[in-house]
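File shown here: entry_4.csv, holding CSV, C-alpha atoms.
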```
chain,number,residue,atom,x,y,z
G,1,MET,CA,77.5,81.4,115.5
G,2,LEU,CA,77.7,84.2,112.9
G,3,ILE,CA,79.6,86.4,115.4
G,4,ILE,CA,82.2,83.7,115.9
G,5,ALA,CA,82.5,83.1,112.1
G,6,GLY,CA,82.9,86.9,111.6
G,7,ALA,CA,85.6,87.0,114.2
G,8,MET,CA,87.4,84.1,112.6
G,9,LEU,CA,87.2,85.8,109.2
G,10,GLN,CA,88.6,89.1,110.7
G,11,THR,CA,91.4,87.1,112.4
G,12,SER,CA,92.4,85.3,109.3
G,13,TYR,CA,92.2,88.6,107.3
G,14,PHE,CA,94.5,90.3,109.8
G,15,SER,CA,97.0,87.5,109.5
G,16,LEU,CA,97.2,88.2,105.8
G,17,LEU,CA,97.8,91.8,106.5
G,18,GLU,CA,100.5,91.2,109.0
G,19,ARG,CA,102.8,93.8,107.3
G,20,GLU,CA,100.1,96.5,107.3
G,21,ASN,CA,100.8,99.2,109.8
G,22,SER,CA,98.6,99.3,112.9
G,23,VAL,CA,96.8,102.5,111.8
G,24,ASP,CA,95.4,100.8,108.7
G,25,ILE,CA,94.4,97.8,110.7
G,26,CYS,CA,92.7,99.9,113.3
G,27,ARG,CA,90.9,102.0,110.6
G,28,TYR,CA,89.7,98.7,109.0
G,29,TYR,CA,88.5,97.3,112.3
G,30,THR,CA,86.5,100.5,113.2
G,31,THR,CA,85.1,101.2,109.8
G,32,ASN,CA,85.0,97.8,108.1
G,33,LYS,CA,86.2,99.6,105.0
G,34,LEU,CA,89.4,99.0,103.1
G,35,THR,CA,91.3,101.9,101.6
G,36,GLN,CA,92.7,102.3,98.1
G,37,LYS,CA,96.1,101.8,99.6
G,38,SER,CA,95.1,98.5,101.2
G,39,ASP,CA,93.9,97.5,97.7
G,40,VAL,CA,97.3,98.4,96.3
G,41,TYR,CA,99.0,96.3,99.0
G,42,SER,CA,96.8,93.3,98.0
G,43,PHE,CA,97.6,93.9,94.4
G,44,GLY,CA,101.3,93.9,95.2
G,45,VAL,CA,100.9,90.5,96.8
G,46,VAL,CA,99.1,89.2,93.7
G,47,LEU,CA,102.0,90.5,91.5
G,48,LEU,CA,104.4,88.5,93.7
G,49,GLU,CA,102.2,85.4,93.4
G,50,LEU,CA,102.3,85.8,89.6
G,51,ILE,CA,106.1,86.3,89.5
G,52,THR,CA,106.9,83.4,91.8
G,53,GLY,CA,104.0,81.0,91.0
G,54,GLN,CA,103.6,80.6,94.8
G,55,ASN,CA,100.7,81.4,97.1
G,56,ALA,CA,100.9,84.4,99.3
G,57,ILE,CA,101.1,82.3,102.5
G,58,LEU,CA,103.5,79.4,102.3
G,59,THR,CA,104.0,76.5,104.7
G,60,GLN,CA,107.5,75.7,105.7
G,61,GLY,CA,107.4,72.7,108.0
G,62,SER,CA,105.0,73.8,110.7
G,63,ARG,CA,105.4,77.5,110.1
G,64,ARG,CA,103.3,79.7,107.8
G,65,VAL,CA,105.4,82.3,106.0
G,66,HIS,CA,104.3,85.3,104.0
G,67,CYS,CA,105.8,85.3,100.5
G,68,LEU,CA,107.3,88.7,101.2
G,69,GLN,CA,109.6,87.3,103.8
G,70,LEU,CA,111.0,84.9,101.2
G,71,VAL,CA,111.3,87.1,98.1
G,72,MET,CA,112.2,90.5,99.7
G,73,PRO,CA,115.8,89.5,100.6
G,74,LYS,CA,116.4,88.0,97.2
G,75,ILE,CA,115.0,91.1,95.3
G,76,MET,CA,117.0,93.5,97.6
G,77,GLY,CA,120.1,91.3,97.0
G,78,GLY,CA,119.7,91.7,93.2
G,79,ASP,CA,118.7,88.1,92.6
G,80,VAL,CA,115.2,88.5,91.0
G,81,ALA,CA,115.8,85.6,88.6
G,82,SER,CA,115.8,83.2,91.5
G,83,ILE,CA,112.2,84.0,92.5
G,84,VAL,CA,110.7,83.7,89.0
G,85,ASP,CA,108.3,80.8,88.5
G,86,ARG,CA,110.4,77.9,87.2
G,87,ARG,CA,107.5,76.9,84.9
G,88,LEU,CA,108.4,79.9,82.7
G,89,GLN,CA,111.7,78.0,81.9
G,90,GLY,CA,113.6,81.2,81.2
G,91,GLN,CA,111.1,82.5,78.6
G,92,TYR,CA,110.8,86.1,80.0
G,93,GLU,CA,112.6,89.4,79.7
G,94,ILE,CA,114.5,89.9,83.0
G,95,ASN,CA,114.2,93.7,82.8
G,96,SER,CA,110.4,93.3,82.7
G,97,VAL,CA,110.4,91.0,85.7
G,98,TRP,CA,112.6,93.5,87.6
G,99,LYS,CA,110.1,96.3,86.8
G,100,ILE,CA,107.2,94.1,88.0
G,101,ALA,CA,109.1,93.0,91.2
G,102,GLU,CA,110.0,96.6,92.0
G,103,THR,CA,106.4,97.6,91.6
G,104,ALA,CA,105.2,94.7,93.8
G,105,ILE,CA,107.7,95.8,96.5
G,106,ALA,CA,106.5,99.4,96.3
G,107,CYS,CA,102.9,98.2,96.6
G,108,THR,CA,103.6,96.2,99.7
G,109,ALA,CA,105.4,99.0,101.5
G,110,GLU,CA,104.7,98.8,105.3
G,111,LYS,CA,103.1,102.2,105.5
G,112,GLY,CA,100.1,102.8,103.2
G,113,ILE,CA,101.0,106.4,102.6
G,114,THR,CA,104.2,105.4,100.9
G,115,ARG,CA,102.5,103.0,98.5
G,116,PRO,CA,101.9,104.1,94.9
G,117,THR,CA,98.4,104.8,93.6
G,118,MET,CA,96.8,102.2,91.2
G,119,THR,CA,97.3,104.7,88.4
G,120,GLU,CA,101.1,104.7,89.1
G,121,VAL,CA,101.1,100.9,89.4
G,122,MET,CA,99.3,100.6,86.0
G,123,ARG,CA,101.9,103.0,84.4
G,124,GLU,CA,104.8,100.8,85.8
G,125,LEU,CA,103.1,97.6,84.6
G,126,LYS,CA,102.6,99.1,81.1
G,127,GLU,CA,106.3,100.0,81.0
G,128,ALA,CA,107.1,96.4,81.9
G,129,LEU,CA,104.8,95.1,79.2
G,130,ASP,CA,106.4,97.5,76.7
G,131,VAL,CA,109.9,96.2,77.6
G,132,GLU,CA,108.6,92.6,77.1
G,133,ASN,CA,106.9,93.4,73.8
G,134,HIS,CA,110.0,95.3,72.5
G,135,GLN,CA,112.2,92.3,73.3
G,136,LEU,CA,109.8,89.9,71.6
G,137,GLU,CA,109.6,92.2,68.5
G,138,SER,CA,113.4,92.4,68.4
G,139,LYS,CA,113.7,88.6,68.5
G,140,ARG,CA,111.0,88.2,65.8
G,141,GLN,CA,112.7,90.7,63.5
G,142,SER,CA,116.2,89.1,63.9
G,143,MET,CA,114.7,85.7,63.2
G,144,GLU,CA,113.0,87.0,60.0
G,145,SER,CA,116.1,88.7,58.8
G,146,ALA,CA,118.2,85.6,59.5
G,147,SER,CA,115.7,83.5,57.4
G,148,ARG,CA,116.0,86.0,54.5
G,149,LEU,CA,119.8,86.0,54.4
G,150,PRO,CA,121.2,83.6,51.7
G,151,SER,CA,123.1,80.7,53.1
G,152,THR,CA,126.8,81.2,52.6
G,153,GLY,CA,127.6,77.4,52.4
G,154,PRO,CA,126.2,76.6,48.9
G,155,ALA,CA,127.1,80.0,47.5
G,156,LEU,CA,130.8,79.4,48.4
G,157,LEU,CA,130.6,75.9,46.9
G,158,GLU,CA,129.2,77.3,43.6
G,159,MET,CA,131.9,80.0,43.4
G,160,ASP,CA,134.6,77.5,44.1
G,161,SER,CA,133.3,75.2,41.4
G,162,PHE,CA,133.3,77.9,38.7
G,163,SER,CA,136.4,79.9,39.5
G,164,HIS,CA,139.9,78.5,39.6
G,165,PRO,CA,142.9,80.3,40.9
G,166,SER,CA,145.3,81.2,38.1
G,167,ALA,CA,149.0,81.0,38.5
G,168,ARG,CA,150.9,84.2,37.8
```

Translate the structure of the given file into structure tokens.
Amino acid sequence: MLIIAGAMLQTSYFSLLERENSVDICRYYTTNKLTQKSDVYSFGVVLLELITGQNAILTQGSRRVHCLQLVMPKIMGGDVASIVDRRLQGQYEINSVWKIAETAIACTAEKGITRPTMTEVMRELKEALDVENHQLESKRQSMESASRLPSTGPALLEMDSFSHPSAR
């Protein structure tokens, strides 16, 4: 029974790694060890789940589809906004989302050797966070400066009530 359960687990794991190249899959099958690059792939899938708010494997009718098959064409076509989780209701910095989406695509490259290291991934995500934080800080500062500006409405009314144009 354990052998059958183990085989089922391996089969379901391989279906999640359908985009992995065969060398990585064979290496996993023979050693039962994942590599750092397979961890990077998995992290890329998690990033896509965070961006889209969707599971990695989606059901469309009777078919099961990997989220990469749905988001990759949209990202490559320049339409990253269409994949963002609608629950965010536009409350995000699009350049930050682009950075994260590009990082996710790099992480899920078909060949493990072309994927970034986790150090590189973390650097990219920090840059995306910096973009987001900079945008939030800019919005906060503009709101503060707008609240400090005197309102022009009453000031104009006061000036008009005290000064009268003189005829020459």

* Asked: With only C-alpha atoms as the basis for distance, which of G:Ala146, G:Leu70, G:Leu47, G:Glu127 is at the shortest distance from Ala101 (chain G)?
  ->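 Counting only C-alpha atoms, the residue closest to Ala101 (chain G) is G:Leu47.
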
* Using CA of Lys99 (chain G) and CA of Ile75 (chain G) as the two end points, give the distance in Å to one decimal. =>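 Interatomic distance, CA of Lys99 (chain G) to CA of Ile75 (chain G): 11.1 Å.
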
Leaving out region 49-66 of chain G and any residue of its chain fewer than 3 positions from it, which residues lie within 6 Å of it when counting only C-alpha atoms, given as a PDB file with C-alpha atoms, in the frame of the given file?
```pdb
ATOM      1  CA  VAL G  46      99.100  89.200  93.700  1.00  0.00           C
ATOM      2  CA  GLN G  69     109.600  87.300 103.800  1.00  0.00           C
ATOM      3  CA  ILE G  83     112.200  84.000  92.500  1.00  0.00           C
ATOM      4  CA  VAL G  84     110.700  83.700  89.000  1.00  0.00           C
ATOM      5  CA  ASP G  85     108.300  80.800  88.500  1.00  0.00           C
TER       6      ASP G  85
END
```

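Atom pair CA of Leu68 (chain G) / CA of Leu48 (chain G) has a distance of 8.0 Å (rounded to one decimal).
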
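Across the structure, CA of Asp79 (chain G) and CA of Ala128 (chain G) are spaced 17.8 Å apart.
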